[in-house]
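K.L.:
Provided herewith is a single structure, encoded as structure tokens, for subsequent inquiry.
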Amino acid sequence: MPSTTSYTRRRLHPVPIRIMHWTNAIAMLLLIFSGWGIYNDEVIFGALHFPSWLTLGGGAEGYLLWHFFAMWILAINGVAYLSYGFWTGRFRRMLLPVRGPDIIAELRSVLALKLAHDDLTKYNPVQKLLYIGVIVVVVVQVVSGLVVWKPVQFSELATLFYDFQTARLVHFIGMALIVGFLLVHVALALLVPQTLVAMLKGGPLVEADDAKTSPSLASNTETATR
């Protein structure tokens with residue numbers, strides 16, 4: 001009996017990815033603005049203060065409440081996002097491989113203002129590096145944030161950063177990196193608006209991350225899911 005192949009197709013950004021993406025975005029903004037208020041109460045760099053209109057919480061207690069609220073949202077949503085990405089193979093398909101020469105070539109194109117992004121189904125090397133990088137930074141932020149929050153209870157984790165003050169510094173640097181990523185991310189989305197539309201509506205149909213071939217299924221069956 002001849003083998004038959006089943007092709008399952010779905011949107012580039014399925015509903016779970018879209019929900020988790022926008023949840024992460026909102027949680028990050030809440031963490032940044034409330035975190036700036038917390039920073040102002042105990043600055044690291046004496047000359048650096050954030051204007052009160054850029055902070056969220058209205059005071060020390062409010063800053064902490066908003067920060068912890070957003071922290072748990074980001075942590076829970078982040079675990080779900082990582083689990084989904086690894087389980088379905090999405091990370092493997094979208095973020096790998098990452099090669100140094102490809103990154104250099106893409107950076108040269110960016111510096112030459114060649115921002116064409118005709119194929120939405122594939123990330124360019126710089127995008128891959130940025131997405132992998134921000135995932136790593138968020139993980140470090142969660143760990144350093146726990147140390148800053150409960151330095152005694154999480155003293156074992158504190159040793160990863162040498163001491164409490166270093167953990168604070170790492171947490172601040174991580175925040176700066178995330179802000180930089182968000183600015184670049186938004187700028188590129190505005191320059192290539194179809195990427196923003198794809199994250200809102202799902203984008204084009206692609207082969208599902210978890211699609212499998214099976215001789216028991218009808219030949220060339222194609223289903224489109226949202």
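Chain lettering (A, B, ...) mirrors the order of the structure tokens, residue numbering begins at 1 for each chain separately, and ligand numbering begins at 1 in order of display.
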Per residue of segment 125-184 of chain A within 9 Å of segment 11-29 of chain A, record the nearest atom pair and its distance in Å to one decimal, counting only C-alpha atoms, with rows in chain order and ascending residue number, as JSON lines.
P.N.:
{"residue": "A:Ile178", "atom": "CA", "partner": "A:Met28", "partner_atom": "CA", "distance": 8.3}
{"residue": "A:Val179", "atom": "CA", "partner": "A:Leu29", "partner_atom": "CA", "distance": 8.8}
{"residue": "A:Leu182", "atom": "CA", "partner": "A:Ala25", "partner_atom": "CA", "distance": 8.6}
K.L.:
List every residue of segment 15-113 of chain A that has an atom at most 7 Å from any atom of segment 122-146 of chain A, giving for each one its closest atom pair and the distance in Å to one decimal, counting only C-alpha atoms, sorted by chain and then by ascending residue number, as CSV.
P.N.:
residue,atom,partner,partner_atom,distance
A:Met94,CA,A:Tyr123,CA,6.4
A:Leu95,CA,A:Lys128,CA,5.0
A:Val98,CA,A:Pro125,CA,6.1
A:Asp102,CA,A:Pro125,CA,6.0
A:Ile103,CA,A:Pro125,CA,5.0
A:Glu106,CA,A:Val126,CA,6.5
K.L.:
May I have the residues within 8 Å of segment 157-165 of chain A as a ChimeraX atom specification, using only C-alpha atoms and disregarding those fewer than 2 positions away in the same chain?
P.N.:
/A:143-144,147-148,151,154-155,167-170
K.L.:
Take the residues from that selection and put them in a file with N, CA and C atoms, as an mmCIF file, in the first residue's frame.
P.N.:
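Heads up, here's the output in selection00.cif:
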data_model
loop_
_atom_site.group_PDB
_atom_site.id
_atom_site.type_symbol
_atom_site.label_atom_id
_atom_site.label_comp_id
_atom_site.auth_asym_id
_atom_site.auth_seq_id
_atom_site.Cartn_x
_atom_site.Cartn_y
_atom_site.Cartn_z
ATOM 1 N N VAL A 143 15.793 35.677 37.788
ATOM 2 C CA VAL A 143 16.681 35.171 38.840
ATOM 3 C C VAL A 143 17.234 36.321 39.679
ATOM 4 N N SER A 144 17.741 37.368 39.020
ATOM 5 C CA SER A 144 18.295 38.505 39.774
ATOM 6 C C SER A 144 17.194 39.231 40.533
ATOM 7 N N VAL A 147 16.591 37.558 43.788
ATOM 8 C CA VAL A 147 17.655 37.878 44.740
ATOM 9 C C VAL A 147 17.445 39.254 45.347
ATOM 10 N N VAL A 148 17.079 40.234 44.519
ATOM 11 C CA VAL A 148 16.841 41.592 45.011
ATOM 12 C C VAL A 148 15.627 41.618 45.926
ATOM 13 N N PRO A 151 16.758 38.617 49.398
ATOM 14 C CA PRO A 151 18.182 38.254 49.395
ATOM 15 C C PRO A 151 18.558 37.180 50.406
ATOM 16 N N PHE A 154 16.831 33.732 49.173
ATOM 17 C CA PHE A 154 17.451 33.256 47.933
ATOM 18 C C PHE A 154 18.956 33.528 47.953
ATOM 19 N N SER A 155 19.571 33.317 49.098
ATOM 20 C CA SER A 155 21.002 33.594 49.238
ATOM 21 C C SER A 155 21.855 32.709 48.330
ATOM 22 N N ALA A 167 23.802 41.918 42.086
ATOM 23 C CA ALA A 167 22.515 41.452 41.566
ATOM 24 C C ALA A 167 21.643 42.637 41.160
ATOM 25 N N ARG A 168 21.651 43.707 41.974
ATOM 26 C CA ARG A 168 20.900 44.925 41.625
ATOM 27 C C ARG A 168 21.408 45.520 40.323
ATOM 28 N N LEU A 169 22.739 45.567 40.189
ATOM 29 C CA LEU A 169 23.341 46.131 38.981
ATOM 30 C C LEU A 169 22.981 45.300 37.758
ATOM 31 N N VAL A 170 23.068 43.977 37.897
ATOM 32 C CA VAL A 170 22.701 43.079 36.793
ATOM 33 C C VAL A 170 21.231 43.274 36.430
#
K.L.:
Atom CA of Gly58 of chain A and atom CA of Phe33 of chain A are how many Å apart?
P.N.:
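It comes out at 10.9 Å.
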K.L.:
Find, counting only C-alpha atoms, the residue in A:Asp119, A:Ala105, A:Thr195, A:Trp36 that gets nearest to Leu48 of chain A.
P.N.:
A:Trp36
